[in-house]
Structures are given as C-alpha cells and as structure tokens.
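What follows is the content of query34.cif, which has mmCIF, N, CA and C atoms:
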data_query
loop_
_atom_site.label_atom_id
_atom_site.label_comp_id
_atom_site.auth_asym_id
_atom_site.auth_seq_id
_atom_site.Cartn_x
_atom_site.Cartn_y
_atom_site.Cartn_z
N MET A 5 -19.06 10.19 -0.65
CA MET A 5 -17.89 10.34 -1.45
C MET A 5 -17.54 8.97 -2.05
N LEU A 6 -17.44 8.90 -3.36
CA LEU A 6 -17.09 7.67 -4.04
C LEU A 6 -15.59 7.47 -3.98
N ARG A 7 -15.17 6.29 -3.57
CA ARG A 7 -13.74 6.01 -3.43
C ARG A 7 -13.38 4.81 -4.29
N THR A 8 -12.21 4.84 -4.79
CA THR A 8 -11.66 3.67 -5.46
C THR A 8 -10.43 3.26 -4.68
N VAL A 9 -10.18 1.98 -4.66
CA VAL A 9 -9.03 1.47 -3.94
C VAL A 9 -8.07 0.88 -4.95
N ALA A 10 -6.85 1.33 -4.89
CA ALA A 10 -5.83 0.80 -5.79
C ALA A 10 -5.20 -0.42 -5.14
N VAL A 11 -5.26 -1.53 -5.83
CA VAL A 11 -4.62 -2.75 -5.38
C VAL A 11 -3.58 -3.08 -6.42
N ILE A 12 -2.35 -3.06 -6.01
CA ILE A 12 -1.26 -3.27 -6.94
C ILE A 12 -0.45 -4.46 -6.46
N GLY A 13 -0.23 -5.41 -7.33
CA GLY A 13 0.51 -6.60 -6.95
C GLY A 13 2.01 -6.39 -7.01
N PHE A 14 2.71 -7.13 -6.19
CA PHE A 14 4.17 -7.15 -6.26
C PHE A 14 4.54 -7.98 -7.47
N VAL A 15 5.42 -7.50 -8.29
CA VAL A 15 5.88 -8.27 -9.43
C VAL A 15 7.16 -9.00 -9.03
N ILE A 16 7.28 -10.21 -9.47
CA ILE A 16 8.44 -11.01 -9.14
C ILE A 16 9.24 -11.24 -10.42
N ALA A 17 10.51 -10.98 -10.35
CA ALA A 17 11.40 -11.23 -11.47
C ALA A 17 12.77 -11.55 -10.90
N LEU A 18 13.56 -12.26 -11.65
CA LEU A 18 14.89 -12.59 -11.17
C LEU A 18 15.72 -11.34 -10.93
N ALA A 19 15.39 -10.26 -11.63
CA ALA A 19 16.18 -9.04 -11.51
C ALA A 19 15.82 -8.21 -10.28
N VAL A 20 14.76 -8.57 -9.57
CA VAL A 20 14.37 -7.78 -8.40
C VAL A 20 15.40 -7.99 -7.32
N GLY A 21 16.00 -6.90 -6.88
CA GLY A 21 17.02 -6.98 -5.85
C GLY A 21 16.56 -6.33 -4.58
N CYS A 22 17.47 -6.03 -3.72
CA CYS A 22 17.16 -5.43 -2.44
C CYS A 22 17.61 -3.98 -2.40
N GLY A 23 17.53 -3.28 -3.52
CA GLY A 23 17.97 -1.90 -3.58
C GLY A 23 16.94 -0.95 -3.04
N GLU A 24 17.36 0.29 -2.86
CA GLU A 24 16.45 1.32 -2.38
C GLU A 24 15.28 1.45 -3.32
N GLY A 25 14.08 1.50 -2.81
CA GLY A 25 12.90 1.63 -3.61
C GLY A 25 12.22 0.32 -3.93
N ASN A 26 12.81 -0.80 -3.53
CA ASN A 26 12.20 -2.10 -3.76
C ASN A 26 10.96 -2.21 -2.88
N VAL A 27 9.83 -2.63 -3.46
CA VAL A 27 8.58 -2.67 -2.69
C VAL A 27 8.65 -3.61 -1.50
N PHE A 28 9.54 -4.58 -1.54
CA PHE A 28 9.67 -5.50 -0.41
C PHE A 28 10.39 -4.87 0.78
N GLU A 29 10.92 -3.68 0.60
CA GLU A 29 11.64 -3.01 1.68
C GLU A 29 10.95 -1.76 2.17
N LEU A 30 9.76 -1.47 1.67
CA LEU A 30 9.03 -0.29 2.13
C LEU A 30 8.66 -0.46 3.61
N GLU A 31 8.72 0.66 4.33
CA GLU A 31 8.41 0.66 5.76
C GLU A 31 7.45 1.80 6.07
N GLU A 32 6.78 1.69 7.21
CA GLU A 32 5.91 2.77 7.67
C GLU A 32 6.71 4.06 7.70
N GLY A 33 6.12 5.12 7.17
CA GLY A 33 6.77 6.42 7.15
C GLY A 33 7.49 6.72 5.84
N ASP A 34 7.67 5.72 4.98
CA ASP A 34 8.28 5.98 3.67
C ASP A 34 7.28 6.71 2.78
N CYS A 35 7.77 7.66 2.00
CA CYS A 35 6.96 8.35 1.01
C CYS A 35 7.54 8.02 -0.36
N PHE A 36 6.66 7.88 -1.35
CA PHE A 36 7.14 7.47 -2.66
C PHE A 36 6.23 7.94 -3.78
N ASN A 37 6.78 7.87 -4.97
CA ASN A 37 6.04 8.12 -6.20
C ASN A 37 6.16 6.85 -7.04
N GLN A 38 5.18 6.62 -7.89
CA GLN A 38 5.25 5.45 -8.76
C GLN A 38 4.46 5.70 -10.02
N GLU A 39 4.88 5.03 -11.07
CA GLU A 39 4.13 5.09 -12.31
C GLU A 39 2.97 4.11 -12.22
N GLU A 40 1.87 4.44 -12.88
CA GLU A 40 0.70 3.56 -12.86
C GLU A 40 1.04 2.21 -13.50
N SER A 41 0.72 1.14 -12.80
CA SER A 41 0.98 -0.21 -13.28
C SER A 41 0.22 -1.19 -12.41
N ASP A 42 -0.16 -2.31 -12.99
CA ASP A 42 -0.84 -3.34 -12.21
C ASP A 42 0.13 -4.09 -11.31
N GLU A 43 1.38 -4.21 -11.75
CA GLU A 43 2.38 -4.90 -10.96
C GLU A 43 3.59 -3.99 -10.80
N VAL A 44 4.08 -3.89 -9.58
CA VAL A 44 5.15 -2.95 -9.25
C VAL A 44 6.25 -3.70 -8.52
N SER A 45 7.49 -3.42 -8.89
CA SER A 45 8.60 -4.01 -8.15
C SER A 45 9.44 -2.93 -7.47
N ASP A 46 9.54 -1.76 -8.08
CA ASP A 46 10.32 -0.67 -7.52
C ASP A 46 9.51 0.62 -7.55
N VAL A 47 9.76 1.47 -6.57
CA VAL A 47 9.13 2.79 -6.51
C VAL A 47 10.21 3.82 -6.26
N ASP A 48 9.88 5.06 -6.50
CA ASP A 48 10.80 6.18 -6.28
C ASP A 48 10.57 6.72 -4.87
N ILE A 49 11.43 6.34 -3.93
CA ILE A 49 11.29 6.81 -2.55
C ILE A 49 11.80 8.24 -2.47
N VAL A 50 11.02 9.10 -1.84
CA VAL A 50 11.37 10.52 -1.69
C VAL A 50 11.15 10.92 -0.23
N SER A 51 11.71 12.04 0.14
CA SER A 51 11.48 12.58 1.48
C SER A 51 10.02 12.99 1.59
N CYS A 52 9.41 12.74 2.73
CA CYS A 52 8.02 13.15 2.94
C CYS A 52 7.89 14.67 2.96
N ASP A 53 8.98 15.38 3.15
CA ASP A 53 8.95 16.84 3.12
C ASP A 53 8.79 17.36 1.69
N ASP A 54 9.17 16.54 0.72
CA ASP A 54 9.04 16.91 -0.69
C ASP A 54 7.69 16.43 -1.22
N PRO A 55 7.22 17.01 -2.32
CA PRO A 55 5.96 16.53 -2.91
C PRO A 55 6.05 15.03 -3.23
N HIS A 56 5.02 14.30 -2.84
CA HIS A 56 4.98 12.85 -3.06
C HIS A 56 3.55 12.40 -3.28
N GLU A 57 3.40 11.26 -3.94
CA GLU A 57 2.07 10.72 -4.24
C GLU A 57 1.54 9.82 -3.13
N TYR A 58 2.41 9.07 -2.48
CA TYR A 58 1.97 8.06 -1.51
C TYR A 58 2.81 8.13 -0.24
N GLU A 59 2.19 7.74 0.88
CA GLU A 59 2.90 7.58 2.15
C GLU A 59 2.51 6.25 2.76
N VAL A 60 3.50 5.44 3.09
CA VAL A 60 3.25 4.15 3.72
C VAL A 60 2.87 4.39 5.18
N TYR A 61 1.71 3.87 5.59
CA TYR A 61 1.32 4.04 6.99
C TYR A 61 1.24 2.73 7.76
N ALA A 62 1.39 1.61 7.07
CA ALA A 62 1.43 0.32 7.76
C ALA A 62 1.96 -0.74 6.80
N VAL A 63 2.66 -1.71 7.36
CA VAL A 63 3.09 -2.90 6.62
C VAL A 63 2.62 -4.08 7.46
N LEU A 64 1.71 -4.86 6.91
CA LEU A 64 1.03 -5.92 7.66
C LEU A 64 1.13 -7.25 6.92
N SER A 65 0.78 -8.32 7.61
CA SER A 65 0.81 -9.64 7.00
C SER A 65 -0.58 -10.25 6.96
N ILE A 66 -0.87 -10.90 5.85
CA ILE A 66 -2.11 -11.67 5.74
C ILE A 66 -1.91 -12.97 6.52
N ALA A 67 -2.85 -13.27 7.39
CA ALA A 67 -2.73 -14.43 8.27
C ALA A 67 -3.14 -15.71 7.54
N GLU A 68 -2.30 -16.15 6.64
CA GLU A 68 -2.50 -17.41 5.94
C GLU A 68 -1.24 -18.24 6.14
N PRO A 69 -1.39 -19.49 6.48
CA PRO A 69 -0.22 -20.34 6.70
C PRO A 69 0.63 -20.47 5.44
N LEU A 70 1.94 -20.57 5.64
CA LEU A 70 2.84 -20.80 4.53
C LEU A 70 2.47 -22.13 3.87
N GLY A 71 2.58 -22.18 2.58
CA GLY A 71 2.25 -23.40 1.85
C GLY A 71 0.80 -23.48 1.42
N ARG A 72 -0.06 -22.65 1.97
CA ARG A 72 -1.46 -22.63 1.57
C ARG A 72 -1.56 -22.05 0.17
N PRO A 73 -2.42 -22.61 -0.70
CA PRO A 73 -2.55 -22.10 -2.07
C PRO A 73 -3.00 -20.64 -2.11
N PHE A 74 -2.58 -19.94 -3.16
CA PHE A 74 -2.97 -18.55 -3.37
C PHE A 74 -4.50 -18.46 -3.42
N PRO A 75 -5.11 -17.61 -2.60
CA PRO A 75 -6.58 -17.54 -2.54
C PRO A 75 -7.20 -16.72 -3.67
N GLY A 76 -6.39 -16.13 -4.52
CA GLY A 76 -6.90 -15.32 -5.62
C GLY A 76 -6.68 -13.84 -5.36
N SER A 77 -6.51 -13.09 -6.44
CA SER A 77 -6.22 -11.66 -6.35
C SER A 77 -7.33 -10.89 -5.65
N THR A 78 -8.57 -11.25 -5.94
CA THR A 78 -9.70 -10.55 -5.33
C THR A 78 -9.70 -10.75 -3.82
N ARG A 79 -9.52 -11.97 -3.38
CA ARG A 79 -9.52 -12.28 -1.94
C ARG A 79 -8.34 -11.58 -1.25
N VAL A 80 -7.15 -11.66 -1.86
CA VAL A 80 -5.98 -11.01 -1.28
C VAL A 80 -6.21 -9.50 -1.19
N GLY A 81 -6.79 -8.92 -2.24
CA GLY A 81 -7.09 -7.49 -2.24
C GLY A 81 -8.09 -7.11 -1.17
N ASP A 82 -9.15 -7.91 -1.02
CA ASP A 82 -10.17 -7.63 -0.01
C ASP A 82 -9.61 -7.72 1.41
N VAL A 83 -8.85 -8.78 1.67
CA VAL A 83 -8.26 -8.95 3.00
C VAL A 83 -7.24 -7.85 3.27
N GLY A 84 -6.41 -7.55 2.26
CA GLY A 84 -5.42 -6.49 2.40
C GLY A 84 -6.06 -5.14 2.67
N PHE A 85 -7.12 -4.83 1.93
CA PHE A 85 -7.81 -3.55 2.15
C PHE A 85 -8.37 -3.47 3.56
N GLN A 86 -8.98 -4.55 4.05
CA GLN A 86 -9.54 -4.53 5.41
C GLN A 86 -8.45 -4.33 6.45
N LEU A 87 -7.30 -4.99 6.27
CA LEU A 87 -6.18 -4.79 7.19
C LEU A 87 -5.76 -3.32 7.21
N CYS A 88 -5.67 -2.72 6.02
CA CYS A 88 -5.26 -1.32 5.92
C CYS A 88 -6.33 -0.38 6.49
N LEU A 89 -7.58 -0.67 6.20
CA LEU A 89 -8.68 0.14 6.71
C LEU A 89 -8.67 0.16 8.24
N ASP A 90 -8.39 -0.98 8.84
CA ASP A 90 -8.36 -1.08 10.30
C ASP A 90 -7.28 -0.19 10.93
N ARG A 91 -6.25 0.18 10.20
CA ARG A 91 -5.16 1.00 10.72
C ARG A 91 -5.24 2.47 10.29
N PHE A 92 -6.16 2.79 9.38
CA PHE A 92 -6.23 4.12 8.78
C PHE A 92 -6.46 5.22 9.82
N GLU A 93 -7.53 5.12 10.58
CA GLU A 93 -7.90 6.19 11.52
C GLU A 93 -6.82 6.41 12.57
N GLU A 94 -6.22 5.35 13.04
CA GLU A 94 -5.15 5.45 14.03
C GLU A 94 -3.99 6.30 13.49
N PHE A 95 -3.66 6.15 12.22
CA PHE A 95 -2.54 6.89 11.64
C PHE A 95 -2.92 8.32 11.28
N VAL A 96 -4.06 8.51 10.63
CA VAL A 96 -4.44 9.82 10.11
C VAL A 96 -5.12 10.70 11.16
N ALA A 97 -5.73 10.08 12.16
CA ALA A 97 -6.50 10.79 13.19
C ALA A 97 -7.79 11.35 12.60
N ARG A 98 -8.39 10.58 11.70
CA ARG A 98 -9.69 10.93 11.14
C ARG A 98 -10.29 9.63 10.58
N PRO A 99 -11.60 9.41 10.78
CA PRO A 99 -12.22 8.21 10.22
C PRO A 99 -12.13 8.21 8.69
N TYR A 100 -11.92 7.05 8.13
CA TYR A 100 -11.78 6.90 6.68
C TYR A 100 -12.92 7.54 5.89
N PRO A 101 -14.19 7.32 6.24
CA PRO A 101 -15.28 7.91 5.43
C PRO A 101 -15.28 9.44 5.41
N GLU A 102 -14.65 10.08 6.39
CA GLU A 102 -14.62 11.54 6.48
C GLU A 102 -13.33 12.14 5.93
N SER A 103 -12.41 11.30 5.54
CA SER A 103 -11.08 11.77 5.16
C SER A 103 -10.98 12.20 3.70
N LEU A 104 -10.04 13.11 3.45
CA LEU A 104 -9.70 13.51 2.08
C LEU A 104 -8.60 12.61 1.52
N LEU A 105 -8.19 11.64 2.31
CA LEU A 105 -7.16 10.69 1.89
C LEU A 105 -7.80 9.35 1.57
N ASP A 106 -7.15 8.62 0.70
CA ASP A 106 -7.66 7.29 0.33
C ASP A 106 -6.55 6.27 0.52
N ILE A 107 -6.90 5.02 0.38
CA ILE A 107 -6.01 3.90 0.64
C ILE A 107 -5.59 3.26 -0.68
N SER A 108 -4.32 2.96 -0.77
CA SER A 108 -3.76 2.17 -1.86
C SER A 108 -2.98 1.04 -1.21
N ILE A 109 -3.09 -0.16 -1.75
CA ILE A 109 -2.33 -1.26 -1.17
C ILE A 109 -1.43 -1.91 -2.22
N LEU A 110 -0.31 -2.38 -1.74
CA LEU A 110 0.56 -3.26 -2.51
C LEU A 110 0.39 -4.63 -1.88
N ALA A 111 -0.03 -5.60 -2.68
CA ALA A 111 -0.37 -6.91 -2.15
C ALA A 111 0.34 -8.00 -2.95
N PRO A 112 0.47 -9.19 -2.37
CA PRO A 112 1.16 -10.27 -3.06
C PRO A 112 0.45 -10.69 -4.37
N THR A 113 1.25 -11.08 -5.34
CA THR A 113 0.74 -11.71 -6.55
C THR A 113 0.77 -13.22 -6.34
N ARG A 114 0.19 -13.94 -7.25
CA ARG A 114 0.26 -15.41 -7.19
C ARG A 114 1.72 -15.86 -7.12
N GLU A 115 2.55 -15.27 -7.96
CA GLU A 115 3.95 -15.68 -8.02
C GLU A 115 4.69 -15.40 -6.71
N SER A 116 4.50 -14.21 -6.13
CA SER A 116 5.22 -13.92 -4.88
C SER A 116 4.67 -14.76 -3.73
N TRP A 117 3.37 -15.02 -3.74
CA TRP A 117 2.73 -15.85 -2.71
C TRP A 117 3.31 -17.27 -2.75
N GLU A 118 3.37 -17.84 -3.95
CA GLU A 118 3.79 -19.23 -4.09
C GLU A 118 5.30 -19.41 -4.06
N ASP A 119 6.05 -18.49 -4.70
CA ASP A 119 7.49 -18.66 -4.82
C ASP A 119 8.27 -18.11 -3.63
N LEU A 120 7.75 -17.07 -2.99
CA LEU A 120 8.48 -16.41 -1.90
C LEU A 120 7.75 -16.45 -0.57
N ASP A 121 6.62 -17.15 -0.50
CA ASP A 121 5.79 -17.17 0.71
C ASP A 121 5.45 -15.75 1.16
N ASP A 122 5.22 -14.88 0.21
CA ASP A 122 4.92 -13.47 0.47
C ASP A 122 3.49 -13.34 0.99
N ARG A 123 3.33 -12.75 2.15
CA ARG A 123 2.02 -12.47 2.73
C ARG A 123 1.89 -10.99 3.11
N GLU A 124 2.86 -10.18 2.72
CA GLU A 124 2.95 -8.79 3.15
C GLU A 124 2.04 -7.87 2.33
N VAL A 125 1.37 -6.98 3.07
CA VAL A 125 0.53 -5.94 2.47
C VAL A 125 1.10 -4.59 2.91
N VAL A 126 1.38 -3.73 1.94
CA VAL A 126 1.87 -2.38 2.24
C VAL A 126 0.69 -1.42 2.08
N CYS A 127 0.33 -0.74 3.16
CA CYS A 127 -0.79 0.21 3.17
C CYS A 127 -0.25 1.61 2.95
N SER A 128 -0.75 2.28 1.93
CA SER A 128 -0.32 3.64 1.61
C SER A 128 -1.51 4.57 1.52
N LEU A 129 -1.24 5.84 1.75
CA LEU A 129 -2.25 6.90 1.61
C LEU A 129 -1.98 7.68 0.35
N PHE A 130 -3.04 8.22 -0.24
CA PHE A 130 -2.89 9.22 -1.29
C PHE A 130 -4.01 10.22 -1.16
N ASP A 131 -3.80 11.42 -1.68
CA ASP A 131 -4.74 12.53 -1.55
C ASP A 131 -5.76 12.48 -2.68
N LEU A 132 -7.04 12.53 -2.33
CA LEU A 132 -8.10 12.48 -3.33
C LEU A 132 -8.24 13.78 -4.12
N GLU A 133 -7.78 14.88 -3.56
CA GLU A 133 -7.98 16.17 -4.21
C GLU A 133 -6.72 16.71 -4.90
N ASN A 134 -5.57 16.33 -4.43
CA ASN A 134 -4.31 16.83 -4.98
C ASN A 134 -3.46 15.67 -5.43
N PHE A 135 -2.73 15.86 -6.49
CA PHE A 135 -1.87 14.79 -6.99
C PHE A 135 -0.74 14.50 -6.02
N PHE A 136 -0.20 15.56 -5.39
CA PHE A 136 0.92 15.40 -4.46
C PHE A 136 0.53 15.85 -3.06
N MET A 137 1.17 15.22 -2.08
CA MET A 137 1.06 15.62 -0.68
C MET A 137 2.44 16.18 -0.29
N GLU A 138 2.46 17.02 0.72
CA GLU A 138 3.72 17.48 1.29
C GLU A 138 3.65 17.30 2.79
N GLY A 139 4.70 16.73 3.35
CA GLY A 139 4.72 16.42 4.77
C GLY A 139 4.01 15.10 5.04
N SER A 140 4.23 14.58 6.22
CA SER A 140 3.58 13.35 6.62
C SER A 140 2.11 13.58 6.93
N MET A 141 1.30 12.61 6.65
CA MET A 141 -0.13 12.67 6.95
C MET A 141 -0.44 12.08 8.33
N GLN A 142 0.61 11.59 9.02
CA GLN A 142 0.39 11.02 10.35
C GLN A 142 -0.15 12.08 11.28
N GLY A 143 -1.32 11.80 11.87
CA GLY A 143 -1.95 12.71 12.81
C GLY A 143 -2.50 13.99 12.18
N SER A 144 -2.57 14.03 10.85
CA SER A 144 -2.97 15.25 10.15
C SER A 144 -4.45 15.59 10.26
N GLY A 145 -5.27 14.58 10.56
CA GLY A 145 -6.72 14.82 10.62
C GLY A 145 -7.34 15.10 9.27
N ARG A 146 -6.61 14.86 8.22
CA ARG A 146 -7.12 15.10 6.87
C ARG A 146 -8.02 13.97 6.44
#

Please re-express this file's structure in structure tokens.
Amino acid sequence: MLRTVAVIGFVIALAVGCGEGNVFELEEGDCFNQEESDEVSDVDIVSCDDPHEYEVYAVLSIAEPLGRPFPGSTRVGDVGFQLCLDRFEEFVARPYPESLLDISILAPTRESWEDLDDREVVCSLFDLENFFMEGSMQGSGR
C-alpha cells in the first residue's frame, strides 16, 4: 500500500492567539478538520463522535536543545514522522503497514523553532479510504 505523509508546519503570526482550535493547544484525543495548507495556525476542533478528518493521537517533542539552529524542514519532518510512527500501533492497536489509517503531522516551522523554541510535533490519524472518520480510532484495530 502506497502511503503519503502529510507534514504541515505551524505558521507563526502576531495574530495567533490561544483560542480554541489553535494548533499549539491540540491534545491527544482531539478531533479536527482543516483546510489544505502547507502552514496551519488554527483548525476546526469537532467532537470525535461527529464526522472528522483527523484525530490527534500523540503530542511529542523533538529532542533538540533550545537555541540549536533549525535543522531544516525535511529533517524536522523525518524526525517528527518517526516519533509519530513509534506511537501509532499503541494507539490504533494495529501495525502501521497493515492499517487503513495514515499519519499526518504538524511540525515546527523555522520561525516557530527559532522565535518560540517550538519543538512540538502533533501526530494525527486520517482514513485512507474515507474522507471522514466517526468515533475515536483509539484501539479500533483499523
């Protein structure tokens, strides 16, 4: 099965606040929808019982010391994907290569890395066969 991994950077702007749906406040178990974009600052958080595109299954940190230069989008994406991959089976109860679910990550941009010391990676699931999921995928075996 051919898979693509969505790596989406956090966008930094003076207008980004701490309101509901801010990517910096996403937590494990949050479900959300979002418009396609390379950089995202806000998402539409919805109940996991309602149709949704993504479910957050882990929020992790890249182990790089504060003050270290940005290693590049490719490196951040690769490290972020591996962190998320390592947590996938534990959450879904099915190995990634056998799953109908795929991984999408929200990862730091150069600006958030340098200006906010952002090292956070948000790991989300999405369904390869259906645009929307209903209910949590935790322990689903999908």

- At most 6.5 Å from (0.2, -20.2, -3.6), file frame, only N, CA and C atoms: which residues, as JSON, numbers by chain? {"A": [71, 72, 73, 74, 75, 114, 117, 118, 119]}

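Across the model, the gap from CA of Pro112 (chain A) to atom N of Phe28 (chain A) is 10.2 Å.
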
- Message: With all atoms listed in the file as the counted atoms, please give the residues lying no more than 6.5 Å from region 95-104 of chain A, apart from itself and same-chain residues fewer than 4 positions off, as a list in words.
- Response: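 Non-adjacent residues within range: Arg91, Phe130, Asp131, Leu132, Glu133, Met141, Gln142, Gly143, Ser144, Gly145 and Arg146 of chain A.
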
- Message: DSSP on the backbone, strand (DSSP E) only: what residues of region 27-117 of chain A does that give? Format it as an NGL selection string.
- Response: :A and (35-37 or 43-44 or 48-50 or 58-65 or 105-111)

- Using the chain letters and residue numbers of this document, give as an MDAnalysis selection string the residues selected by the PyMOL selection byres ((chain A and resi 135-137) around 5). chainID A and resid 55:57 133:134 138:139

- For the file shown, report as a list in words the outcome of the PyMOL selection byres (((chain A and resi 66 and name CA) around 8) and name CA) at residue level.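 Residues picked by the PyMOL selection byres (((chain A and resi 66 and name CA) around 8) and name CA): Leu64, Ser65, Ala67, Glu68, Val83, Gly84, Arg123, Glu124 and Val125 of chain A.
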
Kindly list the centre and edge lengths in Å, rounded to one decimal, for the axis-aligned box that covers all listed atoms of region 54-69 of chain A plus 5 Å on each of its six sides, as AutoDock Vina command-line options.
--center_x 3.0 --center_y -1.7 --center_z 2.0 --size_x 22.3 --size_y 47.5 --size_z 22.5

- Item | Length of the CA of Cys127 (chain A) to CA of Leu110 (chain A) vector [Å] | 6.8 Å
